[in-house]
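Structure below is run_7.cif: mmCIF, C-alpha atoms; chains and numbers go by the auth columns.
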data_final
#
loop_
_atom_site.group_PDB
_atom_site.id
_atom_site.type_symbol
_atom_site.label_atom_id
_atom_site.label_comp_id
_atom_site.label_asym_id
_atom_site.label_seq_id
_atom_site.Cartn_x
_atom_site.Cartn_y
_atom_site.Cartn_z
_atom_site.B_iso_or_equiv
_atom_site.auth_seq_id
_atom_site.auth_asym_id
ATOM 1 C CA MET A 1 -64.190 104.048 138.004 0.00 1 X
ATOM 2 C CA THR A 2 -62.851 103.083 141.421 0.00 2 X
ATOM 3 C CA GLY A 3 -62.909 105.231 144.524 0.00 3 X
ATOM 4 C CA ASP A 4 -63.107 105.317 148.291 0.00 4 X
ATOM 5 C CA GLY A 5 -63.985 108.818 149.403 0.00 5 X
ATOM 6 C CA VAL A 6 -66.970 111.144 149.483 0.00 6 X
ATOM 7 C CA ASN A 7 -65.439 113.236 146.703 0.00 7 X
ATOM 8 C CA ASP A 8 -65.420 110.127 144.444 0.00 8 X
ATOM 9 C CA SER A 9 -69.145 109.520 144.854 0.00 9 X
ATOM 10 C CA PRO A 10 -70.356 111.636 141.870 0.00 10 X
ATOM 11 C CA ALA A 11 -67.943 109.834 139.514 0.00 11 X
ATOM 12 C CA LEU A 12 -68.869 106.435 140.943 0.00 12 X
ATOM 13 C CA LYS A 13 -72.535 107.243 140.347 0.00 13 X
ATOM 14 C CA GLN A 14 -71.989 108.397 136.762 0.00 14 X
ATOM 15 C CA ALA A 15 -69.613 105.628 135.668 0.00 15 X
ATOM 16 C CA GLU A 16 -70.936 102.603 133.758 0.00 16 X
ATOM 17 C CA VAL A 17 -69.424 100.483 136.541 0.00 17 X
ATOM 18 C CA GLY A 18 -68.599 102.356 139.720 0.00 18 X
ATOM 19 C CA ILE A 19 -66.453 100.251 142.054 0.00 19 X
ATOM 20 C CA ALA A 20 -66.027 101.166 145.718 0.00 20 X
ATOM 21 C CA VAL A 21 -62.985 99.572 147.360 0.00 21 X
ATOM 22 C CA SER A 22 -63.275 97.612 150.590 0.00 22 X
ATOM 23 C CA ASN A 23 -62.374 100.512 152.910 0.00 23 X
ATOM 24 C CA ALA A 24 -64.500 103.111 151.112 0.00 24 X
ATOM 25 C CA THR A 25 -66.831 105.461 152.936 0.00 25 X
ATOM 26 C CA ASP A 26 -70.509 104.589 153.222 0.00 26 X
ATOM 27 C CA VAL A 27 -71.377 107.379 150.782 0.00 27 X
ATOM 28 C CA ALA A 28 -69.011 105.961 148.152 0.00 28 X
ATOM 29 C CA LYS A 29 -70.388 102.450 148.666 0.00 29 X
ATOM 30 C CA ALA A 30 -73.945 103.697 148.275 0.00 30 X
ATOM 31 C CA ALA A 31 -73.080 105.464 145.029 0.00 31 X
ATOM 32 C CA ALA A 32 -71.124 102.564 143.506 0.00 32 X
ATOM 33 C CA SER A 33 -72.483 99.701 141.417 0.00 33 X
ATOM 34 C CA VAL A 34 -70.056 97.237 143.021 0.00 34 X
ATOM 35 C CA VAL A 35 -68.360 97.097 146.406 0.00 35 X
ATOM 36 C CA LEU A 36 -65.173 95.061 146.760 0.00 36 X
ATOM 37 C CA THR A 37 -65.118 92.973 149.946 0.00 37 X
ATOM 38 C CA VAL A 38 -61.363 92.326 149.979 0.00 38 X
ATOM 39 C CA GLU A 39 -58.405 94.684 149.909 0.00 39 X
ATOM 40 C CA GLY A 40 -56.693 95.421 146.607 0.00 40 X
ATOM 41 C CA LEU A 41 -58.049 95.401 143.082 0.00 41 X
ATOM 42 C CA ALA A 42 -57.829 91.657 142.431 0.00 42 X
ATOM 43 C CA GLY A 43 -61.582 91.404 143.044 0.00 43 X
ATOM 44 C CA ILE A 44 -62.195 93.307 139.808 0.00 44 X
ATOM 45 C CA VAL A 45 -60.892 90.302 137.837 0.00 45 X
ATOM 46 C CA GLU A 46 -63.440 88.045 139.549 0.00 46 X
ATOM 47 C CA LEU A 47 -66.104 90.678 138.930 0.00 47 X
ATOM 48 C CA VAL A 48 -65.380 90.631 135.189 0.00 48 X
ATOM 49 C CA ARG A 49 -65.349 86.820 135.120 0.00 49 X
ATOM 50 C CA ILE A 50 -68.708 86.558 136.888 0.00 50 X
ATOM 51 C CA GLY A 51 -70.221 89.261 134.683 0.00 51 X
ATOM 52 C CA ARG A 52 -69.178 87.528 131.478 0.00 52 X
ATOM 53 C CA SER A 53 -70.373 84.129 132.747 0.00 53 X
ATOM 54 C CA THR A 54 -73.734 85.667 133.624 0.00 54 X
ATOM 55 C CA PHE A 55 -73.919 87.167 130.138 0.00 55 X
ATOM 56 C CA GLN A 56 -73.363 83.715 128.616 0.00 56 X
ATOM 57 C CA ARG A 57 -76.126 82.209 130.763 0.00 57 X
ATOM 58 C CA ILE A 58 -78.561 84.886 129.636 0.00 58 X
ATOM 59 C CA VAL A 59 -77.644 84.270 125.987 0.00 59 X
ATOM 60 C CA THR A 60 -78.146 80.525 126.495 0.00 60 X
ATOM 61 C CA TRP A 61 -81.588 81.161 127.963 0.00 61 X
ATOM 62 C CA ILE A 62 -82.581 83.393 125.026 0.00 62 X
ATOM 63 C CA LEU A 63 -81.469 80.902 122.373 0.00 63 X
ATOM 64 C CA ASN A 64 -83.101 78.045 124.265 0.00 64 X
ATOM 65 C CA LYS A 65 -86.357 79.997 124.410 0.00 65 X
ATOM 66 C CA VAL A 66 -86.350 80.819 120.676 0.00 66 X
ATOM 67 C CA VAL A 67 -85.653 77.215 119.651 0.00 67 X
ATOM 68 C CA LYS A 68 -88.382 75.884 121.972 0.00 68 X
ATOM 69 C CA THR A 69 -90.880 78.341 120.478 0.00 69 X
ATOM 70 C CA PHE A 70 -90.138 76.920 117.041 0.00 70 X
ATOM 71 C CA GLU A 71 -90.316 73.401 118.424 0.00 71 X
ATOM 72 C CA ILE A 72 -93.822 73.865 119.811 0.00 72 X
ATOM 73 C CA ALA A 73 -95.661 76.765 118.183 0.00 73 X
ATOM 74 C CA VAL A 74 -94.211 76.678 114.658 0.00 74 X
ATOM 75 C CA PHE A 75 -94.109 72.901 114.250 0.00 75 X
ATOM 76 C CA VAL A 76 -97.579 72.230 115.718 0.00 76 X
ATOM 77 C CA THR A 77 -99.110 74.945 113.519 0.00 77 X
ATOM 78 C CA LEU A 78 -97.334 73.775 110.354 0.00 78 X
ATOM 79 C CA ALA A 79 -98.194 70.117 111.012 0.00 79 X
ATOM 80 C CA PHE A 80 -101.853 71.033 111.399 0.00 80 X
ATOM 81 C CA LEU A 81 -101.969 73.240 108.271 0.00 81 X
ATOM 82 C CA ILE A 82 -100.019 70.863 106.021 0.00 82 X
ATOM 83 C CA SER A 83 -102.067 67.826 107.063 0.00 83 X
ATOM 84 C CA ALA A 84 -105.304 69.767 106.558 0.00 84 X
ATOM 85 C CA LEU A 85 -104.310 71.117 103.123 0.00 85 X
ATOM 86 C CA PHE A 86 -102.699 68.043 101.568 0.00 86 X
ATOM 87 C CA TRP A 87 -104.186 65.088 103.449 0.00 87 X
ATOM 88 C CA HIS A 88 -107.563 66.676 104.288 0.00 88 X
ATOM 89 C CA ASN A 89 -107.152 65.185 107.744 0.00 89 X
ATOM 90 C CA PRO A 90 -105.828 67.701 110.306 0.00 90 X
ATOM 91 C CA ILE A 91 -103.322 66.166 112.703 0.00 91 X
ATOM 92 C CA TYR A 92 -103.183 67.485 116.251 0.00 92 X
ATOM 93 C CA THR A 93 -99.709 66.348 117.264 0.00 93 X
ATOM 94 C CA VAL A 94 -100.084 67.536 120.859 0.00 94 X
ATOM 95 C CA SER A 95 -102.934 68.293 123.233 0.00 95 X
ATOM 96 C CA ALA A 96 -103.357 71.074 125.782 0.00 96 X
ATOM 97 C CA LEU A 97 -102.357 68.596 128.512 0.00 97 X
ATOM 98 C CA ASP A 98 -99.142 67.768 126.650 0.00 98 X
ATOM 99 C CA VAL A 99 -98.174 71.437 126.399 0.00 99 X
ATOM 100 C CA THR A 100 -99.005 72.026 130.068 0.00 100 X
ATOM 101 C CA LEU A 101 -96.882 69.076 131.192 0.00 101 X
ATOM 102 C CA PHE A 102 -94.084 70.155 128.855 0.00 102 X
ATOM 103 C CA LEU A 103 -94.000 73.707 130.230 0.00 103 X
ATOM 104 C CA PHE A 104 -94.044 72.438 133.818 0.00 104 X
ATOM 105 C CA LEU A 105 -91.334 69.791 133.468 0.00 105 X
ATOM 106 C CA ILE A 106 -89.012 71.738 131.175 0.00 106 X
ATOM 107 C CA ASP A 107 -88.952 74.692 133.582 0.00 107 X
ATOM 108 C CA PHE A 108 -86.694 72.742 135.952 0.00 108 X
ATOM 109 C CA VAL A 109 -84.064 72.502 133.212 0.00 109 X
ATOM 110 C CA THR A 110 -84.551 76.149 132.240 0.00 110 X
ATOM 111 C CA ILE A 111 -84.137 77.362 135.829 0.00 111 X
ATOM 112 C CA SER A 112 -80.965 75.301 136.249 0.00 112 X
ATOM 113 C CA LEU A 113 -79.337 77.303 133.413 0.00 113 X
ATOM 114 C CA SER A 114 -78.735 80.040 135.987 0.00 114 X
ATOM 115 C CA THR A 115 -76.115 77.794 137.640 0.00 115 X
ATOM 116 C CA ASP A 116 -74.463 76.524 134.466 0.00 116 X
ATOM 117 C CA ASN A 117 -70.682 76.454 134.008 0.00 117 X
ATOM 118 C CA ALA A 118 -70.744 78.400 130.745 0.00 118 X
ATOM 119 C CA LYS A 119 -67.435 80.231 130.355 0.00 119 X
ATOM 120 C CA GLY A 120 -67.349 83.921 129.658 0.00 120 X
ATOM 121 C CA SER A 121 -65.775 85.337 126.523 0.00 121 X
ATOM 122 C CA PRO A 122 -62.055 86.236 126.768 0.00 122 X
ATOM 123 C CA THR A 123 -62.885 89.627 125.204 0.00 123 X
ATOM 124 C CA PRO A 124 -65.499 92.254 126.132 0.00 124 X
ATOM 125 C CA GLU A 125 -68.929 91.677 124.620 0.00 125 X
ATOM 126 C CA LYS A 126 -72.020 93.704 123.862 0.00 126 X
ATOM 127 C CA TRP A 127 -75.564 92.786 122.959 0.00 127 X
ATOM 128 C CA ASP A 128 -76.100 91.848 119.305 0.00 128 X
ATOM 129 C CA VAL A 129 -79.798 91.020 119.244 0.00 129 X
ATOM 130 C CA PRO A 130 -80.112 90.605 115.426 0.00 130 X
ATOM 131 C CA LYS A 131 -77.339 87.996 115.481 0.00 131 X
ATOM 132 C CA LEU A 132 -79.013 86.113 118.349 0.00 132 X
ATOM 133 C CA VAL A 133 -82.329 86.170 116.495 0.00 133 X
ATOM 134 C CA LYS A 134 -80.708 84.788 113.325 0.00 134 X
ATOM 135 C CA LEU A 135 -78.979 81.998 115.236 0.00 135 X
ATOM 136 C CA GLY A 136 -82.134 81.106 117.184 0.00 136 X
ATOM 137 C CA VAL A 137 -84.263 81.085 114.032 0.00 137 X
ATOM 138 C CA GLY A 138 -81.644 79.049 112.146 0.00 138 X
ATOM 139 C CA LEU A 139 -81.539 76.367 114.832 0.00 139 X
ATOM 140 C CA GLY A 140 -85.323 76.566 115.141 0.00 140 X
ATOM 141 C CA VAL A 141 -85.738 75.771 111.436 0.00 141 X
ATOM 142 C CA PHE A 142 -83.539 72.702 111.851 0.00 142 X
ATOM 143 C CA THR A 143 -85.629 71.643 114.853 0.00 143 X
ATOM 144 C CA VAL A 144 -88.904 71.981 112.938 0.00 144 X
ATOM 145 C CA ALA A 145 -87.531 69.880 110.076 0.00 145 X
ATOM 146 C CA GLU A 146 -86.409 67.228 112.555 0.00 146 X
ATOM 147 C CA MET A 147 -89.831 67.167 114.207 0.00 147 X
ATOM 148 C CA PHE A 148 -91.370 66.499 110.783 0.00 148 X
ATOM 149 C CA GLY A 149 -88.918 63.612 110.460 0.00 149 X
ATOM 150 C CA LEU A 150 -90.399 62.183 113.652 0.00 150 X
ATOM 151 C CA LEU A 151 -93.892 62.617 112.181 0.00 151 X
ATOM 152 C CA PHE A 152 -92.874 60.609 109.122 0.00 152 X
ATOM 153 C CA LEU A 153 -91.423 57.943 111.431 0.00 153 X
ATOM 154 C CA ALA A 154 -94.656 57.796 113.442 0.00 154 X
ATOM 155 C CA LEU A 155 -97.054 57.579 110.496 0.00 155 X
ATOM 156 C CA ASP A 156 -95.096 55.636 107.871 0.00 156 X
ATOM 157 C CA TYR A 157 -92.883 53.361 109.965 0.00 157 X
ATOM 158 C CA PHE A 158 -94.743 52.734 113.221 0.00 158 X
ATOM 159 C CA HIS A 159 -98.168 53.325 111.596 0.00 159 X
ATOM 160 C CA ILE A 160 -99.542 55.115 114.639 0.00 160 X
ATOM 161 C CA SER A 161 -103.240 55.818 114.071 0.00 161 X
ATOM 162 C CA ASN A 162 -104.450 56.332 117.648 0.00 162 X
ATOM 163 C CA ILE A 163 -104.394 60.091 118.291 0.00 163 X
ATOM 164 C CA HIS A 164 -103.706 59.620 122.012 0.00 164 X
ATOM 165 C CA VAL A 165 -100.685 57.419 121.255 0.00 165 X
ATOM 166 C CA LEU A 166 -99.488 60.113 118.829 0.00 166 X
ATOM 167 C CA HIS A 167 -99.858 62.693 121.607 0.00 167 X
ATOM 168 C CA THR A 168 -97.666 60.610 123.925 0.00 168 X
ATOM 169 C CA TYR A 169 -95.200 60.065 121.091 0.00 169 X
ATOM 170 C CA TYR A 170 -94.844 63.795 120.458 0.00 170 X
ATOM 171 C CA PHE A 171 -94.901 64.753 124.124 0.00 171 X
ATOM 172 C CA THR A 172 -91.869 62.494 124.593 0.00 172 X
ATOM 173 C CA ALA A 173 -90.165 63.945 121.514 0.00 173 X
ATOM 174 C CA MET A 174 -90.820 67.553 122.556 0.00 174 X
ATOM 175 C CA MET A 175 -89.485 66.928 126.042 0.00 175 X
ATOM 176 C CA TYR A 176 -86.312 65.192 124.883 0.00 176 X
ATOM 177 C CA MET A 177 -85.590 67.824 122.231 0.00 177 X
ATOM 178 C CA GLY A 178 -86.241 70.537 124.823 0.00 178 X
ATOM 179 C CA ILE A 179 -83.983 68.899 127.420 0.00 179 X
ATOM 180 C CA LEU A 180 -81.087 68.455 124.989 0.00 180 X
ATOM 181 C CA THR A 181 -81.263 71.892 123.335 0.00 181 X
ATOM 182 C CA PRO A 182 -79.527 73.788 126.221 0.00 182 X
ATOM 183 C CA PHE A 183 -76.527 71.457 125.942 0.00 183 X
ATOM 184 C CA ILE A 184 -76.113 72.576 122.325 0.00 184 X
ATOM 185 C CA VAL A 185 -76.634 76.335 122.661 0.00 185 X
ATOM 186 C CA ARG A 186 -74.664 76.847 125.893 0.00 186 X
ATOM 187 C CA GLU A 187 -71.329 77.003 124.031 0.00 187 X
ATOM 188 C CA ARG A 188 -70.092 78.817 120.935 0.00 188 X
ATOM 189 C CA GLY A 189 -67.938 75.857 119.960 0.00 189 X
ATOM 190 C CA PRO A 190 -68.701 72.119 120.088 0.00 190 X
ATOM 191 C CA PHE A 191 -70.962 71.084 122.943 0.00 191 X
ATOM 192 C CA TRP A 192 -68.141 69.185 124.714 0.00 192 X
ATOM 193 C CA VAL A 193 -65.926 72.270 125.188 0.00 193 X
ATOM 194 C CA SER A 194 -67.008 72.719 128.815 0.00 194 X
ATOM 195 C CA ARG A 195 -68.742 70.583 131.414 0.00 195 X
ATOM 196 C CA PRO A 196 -72.398 71.479 132.104 0.00 196 X
ATOM 197 C CA GLY A 197 -73.371 72.687 135.556 0.00 197 X
ATOM 198 C CA LYS A 198 -74.271 70.085 138.190 0.00 198 X
ATOM 199 C CA TRP A 199 -77.880 71.200 138.544 0.00 199 X
ATOM 200 C CA LEU A 200 -78.382 71.323 134.783 0.00 200 X
ATOM 201 C CA VAL A 201 -77.272 67.695 134.562 0.00 201 X
ATOM 202 C CA ILE A 202 -79.354 66.588 137.560 0.00 202 X
ATOM 203 C CA SER A 203 -82.552 68.327 136.411 0.00 203 X
ATOM 204 C CA SER A 204 -82.100 66.934 132.896 0.00 204 X
ATOM 205 C CA ILE A 205 -81.658 63.362 134.150 0.00 205 X
ATOM 206 C CA VAL A 206 -84.699 63.639 136.444 0.00 206 X
ATOM 207 C CA ASP A 207 -86.817 64.981 133.577 0.00 207 X
ATOM 208 C CA LEU A 208 -85.607 62.211 131.257 0.00 208 X
ATOM 209 C CA VAL A 209 -86.614 59.558 133.805 0.00 209 X
ATOM 210 C CA VAL A 210 -90.026 61.127 134.498 0.00 210 X
ATOM 211 C CA VAL A 211 -90.810 61.438 130.793 0.00 211 X
ATOM 212 C CA ALA A 212 -89.706 57.842 130.168 0.00 212 X
ATOM 213 C CA PHE A 213 -92.078 56.674 132.911 0.00 213 X
ATOM 214 C CA ILE A 214 -94.993 58.672 131.463 0.00 214 X
ATOM 215 C CA ALA A 215 -94.247 57.524 127.918 0.00 215 X
ATOM 216 C CA LEU A 216 -94.106 53.818 128.787 0.00 216 X
ATOM 217 C CA THR A 217 -96.882 53.646 131.405 0.00 217 X
ATOM 218 C CA GLY A 218 -99.146 56.584 130.583 0.00 218 X
ATOM 219 C CA LEU A 219 -100.748 58.894 133.108 0.00 219 X
ATOM 220 C CA PRO A 220 -102.600 57.434 136.105 0.00 220 X
ATOM 221 C CA GLY A 221 -106.202 58.195 137.000 0.00 221 X
ATOM 222 C CA PRO A 222 -108.684 60.123 134.860 0.00 222 X
ATOM 223 C CA TRP A 223 -105.947 61.438 132.530 0.00 223 X
ATOM 224 C CA GLY A 224 -104.823 57.963 131.474 0.00 224 X
ATOM 225 C CA HIS A 225 -106.758 58.012 128.204 0.00 225 X
ATOM 226 C CA LEU A 226 -105.150 61.328 127.185 0.00 226 X
ATOM 227 C CA LEU A 227 -101.578 60.010 127.219 0.00 227 X
ATOM 228 C CA THR A 228 -101.692 56.393 126.088 0.00 228 X
ATOM 229 C CA PRO A 229 -98.439 54.450 126.576 0.00 229 X
ATOM 230 C CA ILE A 230 -96.166 53.942 123.587 0.00 230 X
ATOM 231 C CA THR A 231 -94.130 50.805 122.925 0.00 231 X
ATOM 232 C CA TRP A 232 -90.497 50.252 123.911 0.00 232 X
ATOM 233 C CA GLN A 233 -89.568 50.339 120.230 0.00 233 X
ATOM 234 C CA GLU A 234 -91.213 53.719 119.694 0.00 234 X
ATOM 235 C CA TYR A 235 -89.645 55.117 122.843 0.00 235 X
ATOM 236 C CA ALA A 236 -86.184 53.862 121.860 0.00 236 X
ATOM 237 C CA ALA A 237 -86.581 55.326 118.365 0.00 237 X
ATOM 238 C CA ILE A 238 -87.520 58.758 119.772 0.00 238 X
ATOM 239 C CA THR A 239 -84.621 58.731 122.246 0.00 239 X
ATOM 240 C CA LEU A 240 -81.973 57.734 119.697 0.00 240 X
ATOM 241 C CA TYR A 241 -83.384 60.131 117.104 0.00 241 X
ATOM 242 C CA CYS A 242 -83.308 63.106 119.500 0.00 242 X
ATOM 243 C CA LEU A 243 -79.777 62.297 120.633 0.00 243 X
ATOM 244 C CA PHE A 244 -78.560 62.000 117.049 0.00 244 X
ATOM 245 C CA VAL A 245 -80.167 65.147 115.614 0.00 245 X
ATOM 246 C CA ASN A 246 -79.090 67.310 118.554 0.00 246 X
ATOM 247 C CA PHE A 247 -75.491 66.237 119.000 0.00 247 X
ATOM 248 C CA ALA A 248 -74.662 65.207 115.430 0.00 248 X
ATOM 249 C CA ILE A 249 -76.736 67.683 113.377 0.00 249 X
ATOM 250 C CA ASN A 250 -77.804 70.710 115.421 0.00 250 X
ATOM 251 C CA ASP A 251 -74.387 71.145 117.011 0.00 251 X
ATOM 252 C CA LYS A 252 -72.792 71.074 113.546 0.00 252 X
ATOM 253 C CA ALA A 253 -75.460 73.467 112.265 0.00 253 X
ATOM 254 C CA LYS A 254 -74.568 75.902 115.065 0.00 254 X
ATOM 255 C CA LEU A 255 -70.906 75.784 114.035 0.00 255 X
ATOM 256 C CA MET A 256 -71.831 76.155 110.359 0.00 256 X
ATOM 257 C CA LEU A 257 -73.923 79.247 111.076 0.00 257 X
ATOM 258 C CA GLY A 258 -70.967 80.607 113.046 0.00 258 X
ATOM 259 C CA ARG A 259 -68.814 80.459 109.917 0.00 259 X
ATOM 260 C CA PHE A 260 -71.284 82.814 108.255 0.00 260 X
ATOM 261 C CA GLY A 261 -71.006 85.259 111.142 0.00 261 X
ATOM 262 C CA ILE A 262 -74.196 84.022 112.836 0.00 262 X
ATOM 263 C CA SER A 263 -73.111 82.946 116.287 0.00 263 X
ATOM 264 C CA ARG A 264 -73.941 83.610 119.908 0.00 264 X
#
Could you render the structure as structure tokens?
Amino acid sequence: MTGDGVNDSPALKQAEVGIAVSNATDVAKAAASVVLTVEGLAGIVELVRIGRSTFQRIVTWILNKVVKTFEIAVFVTLAFLISALFWHNPIYTVSALDVTLFLFLIDFVTISLSTDNAKGSPTPEKWDVPKLVKLGVGLGVFTVAEMFGLLFLALDYFHISNIHVLHTYYFTAMMYMGILTPFIVRERGPFWVSRPGKWLVISSIVDLVVVAFIALTGLPGPWGHLLTPITWQEYAAITLYCLFVNFAINDKAKLMLGRFGISR
């Protein structure tokens, strides 16, 4: 509903989107959901574009959150239970410090999603929460399986036995998987369809550099023994593995789920 006069105010208030034009009365502007700042109705097109882009950013945040929950909570719990049941030696893949650092550093990437360049849908959309849950869980299952692949790499290939080295190993893996996940879920199609937002790229690069520094040098001061440095070979293996599974596997998995009607 669009309007400019006092008599339009009740309709503007009741409409799903009440739009007061630029020269509307103060009463109409107060009742409306949106006030155009330029003459004409061309501003409504921009309003729709911004609304749909905002919707896509919210969906990206939701999917990113679901996948990260699987990455941390589900994997850590399963790794502990499986190692305790079958190997009789519980493995704590991460420590409380690792999770705290992860939540602090990854928040910069998460916040930057609000400025992403995700394009809105060409057609009107509505919330389909069950579909989002299915897609998030599907990608989360892939992520958990890939994290177990890293565990196999750590124990059987690199033969990591020091628990503090394993913590650094998995802190690095969690961070890199968490940083790359938004680049996969931000688009319905292949990840290269649109260019990520500037701040998403900058925050991701800064996080990658900080994590690389922590992984290769450890933490300074009294926390140094909690995150013991890993080798260049282990760091390179984690980096290449995370890049491969995200862009070559998870992106394809997202498209595959879309063919079965499970998409964002």
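Across the model, the gap from CA of Val144 (chain X) to CA of Ile262 (chain X) is 19.0 Å.
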- Task: Please provide the set of residues having any atom within 10 Å of Ile58 (chain X), restricted to only C-alpha atoms, with same-chain residues fewer than 4 positions apart removed, written as an MDAnalysis selection string.
- Result: chainID X and resid 52:54 62:64 113:114 186
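Using only C-alpha atoms, the shortest contact distance between Glu146 (chain X) and any of X:Val99, X:Ser112, X:Ala118, X:Met174 is found at X:Met174.
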- Between X:Thr172, X:Gln56, X:Thr93, X:Thr181, which is the closest to Ser121 (chain X) once you count all atoms listed in the file? X:Gln56
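All residues of protein, DNA or RNA that reach within 8 Å of Val6 (chain X), judged by only C-alpha atoms and not counting those fewer than 2 positions away in the chain, are Asp4, Asp8, Ser9, Thr25, Val27 and Ala28 of chain X.
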- Message: I need the output of the PyMOL selection byres ((chain X and resi 241) around 10) for this file as a list in words; which residues are they?
- Response: Glu146, Met147, Gly149, Leu150, Ala173, Tyr176, Met177, Tyr235, Ala236, Ala237, Ile238, Thr239, Leu240, Cys242, Leu243, Phe244, Val245 and Asn246 of chain X
- Task: Could you expand the PyMOL selection byres ((chain X and resi 195) around 12) into the explicit residues it covers here, written as a PyMOL selection string?
- Result: chain X and resi 116-119+183-184+186-187+190-194+196-201
How would you write, as a short mmCIF file (atom, residue, chain, number, x, y, z; two decimals) with C-alpha atoms, in the frame of the given file, the residues chosen by the PyMOL selection byres ((chain X and resi 207-221) around 9) on this structure?
data_model
loop_
_atom_site.label_atom_id
_atom_site.label_comp_id
_atom_site.auth_asym_id
_atom_site.auth_seq_id
_atom_site.Cartn_x
_atom_site.Cartn_y
_atom_site.Cartn_z
CA LEU X 105 -91.33 69.79 133.47
CA ILE X 106 -89.01 71.74 131.18
CA PHE X 108 -86.69 72.74 135.95
CA VAL X 109 -84.06 72.50 133.21
CA THR X 168 -97.67 60.61 123.92
CA TYR X 169 -95.20 60.06 121.09
CA PHE X 171 -94.90 64.75 124.12
CA THR X 172 -91.87 62.49 124.59
CA MET X 175 -89.48 66.93 126.04
CA TYR X 176 -86.31 65.19 124.88
CA ILE X 179 -83.98 68.90 127.42
CA ILE X 202 -79.35 66.59 137.56
CA SER X 203 -82.55 68.33 136.41
CA SER X 204 -82.10 66.93 132.90
CA ILE X 205 -81.66 63.36 134.15
CA VAL X 206 -84.70 63.64 136.44
CA PRO X 222 -108.68 60.12 134.86
CA TRP X 223 -105.95 61.44 132.53
CA GLY X 224 -104.82 57.96 131.47
CA HIS X 225 -106.76 58.01 128.20
CA LEU X 226 -105.15 61.33 127.18
CA LEU X 227 -101.58 60.01 127.22
CA THR X 228 -101.69 56.39 126.09
CA PRO X 229 -98.44 54.45 126.58
CA ILE X 230 -96.17 53.94 123.59
CA THR X 231 -94.13 50.80 122.92
CA TRP X 232 -90.50 50.25 123.91
CA TYR X 235 -89.64 55.12 122.84
#
- Task: Would you kindly return, as a VMD selection string, each protein, DNA or RNA residue with an atom no farther than 10 Å from any atom of region 72-84 of chain X, considering only C-alpha atoms and excluding same-chain residues fewer than 4 positions away?
- Result: chain X and resid 67 to 68 88 to 94 99 102 140 to 141 143 to 148 151 174 178
Axis-aligned box for all listed atoms of region 162-178 of chain X, 8 Å per side, centre and edges in Å to one decimal, as lines of an AutoDock Vina configuration file:
center_x = -95.0
center_y = 63.4
center_z = 121.8
size_x = 34.9
size_y = 30.2
size_z = 24.4
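With only C-alpha atoms as the atoms that count, the minimum distance from Leu135 (chain X) to the choices X:Ala30, X:Val48, X:Val185, X:Ser95 is reached by X:Val185.
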- Query: How many Å lie between CA of Glu234 (chain X) and CA of Ala154 (chain X), rounded to one decimal?
  - Reply: 8.2 Å
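Of the listed residues X:Asp107, X:Leu166, X:Gly138, X:Ser33, the one whose atoms come nearest to Phe260 (chain X) is X:Gly138, with distances taken using all atoms listed in the file.
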- Note on the structure: Here CA of Leu103 (chain X) and CA of Leu153 (chain X) stand apart by 24.7 Å
- Using all atoms listed in the file, find the one residue out of X:Gly120, X:Gly136, X:Gly18, X:Pro130 that sits nearest to Arg57 (chain X). X:Gly120
- Message: Nearest residue to Glu39 (chain X) out of X:Asn23, X:Thr110, X:Gln14, X:Asn162, using only C-alpha atoms?
- Response: X:Asn23
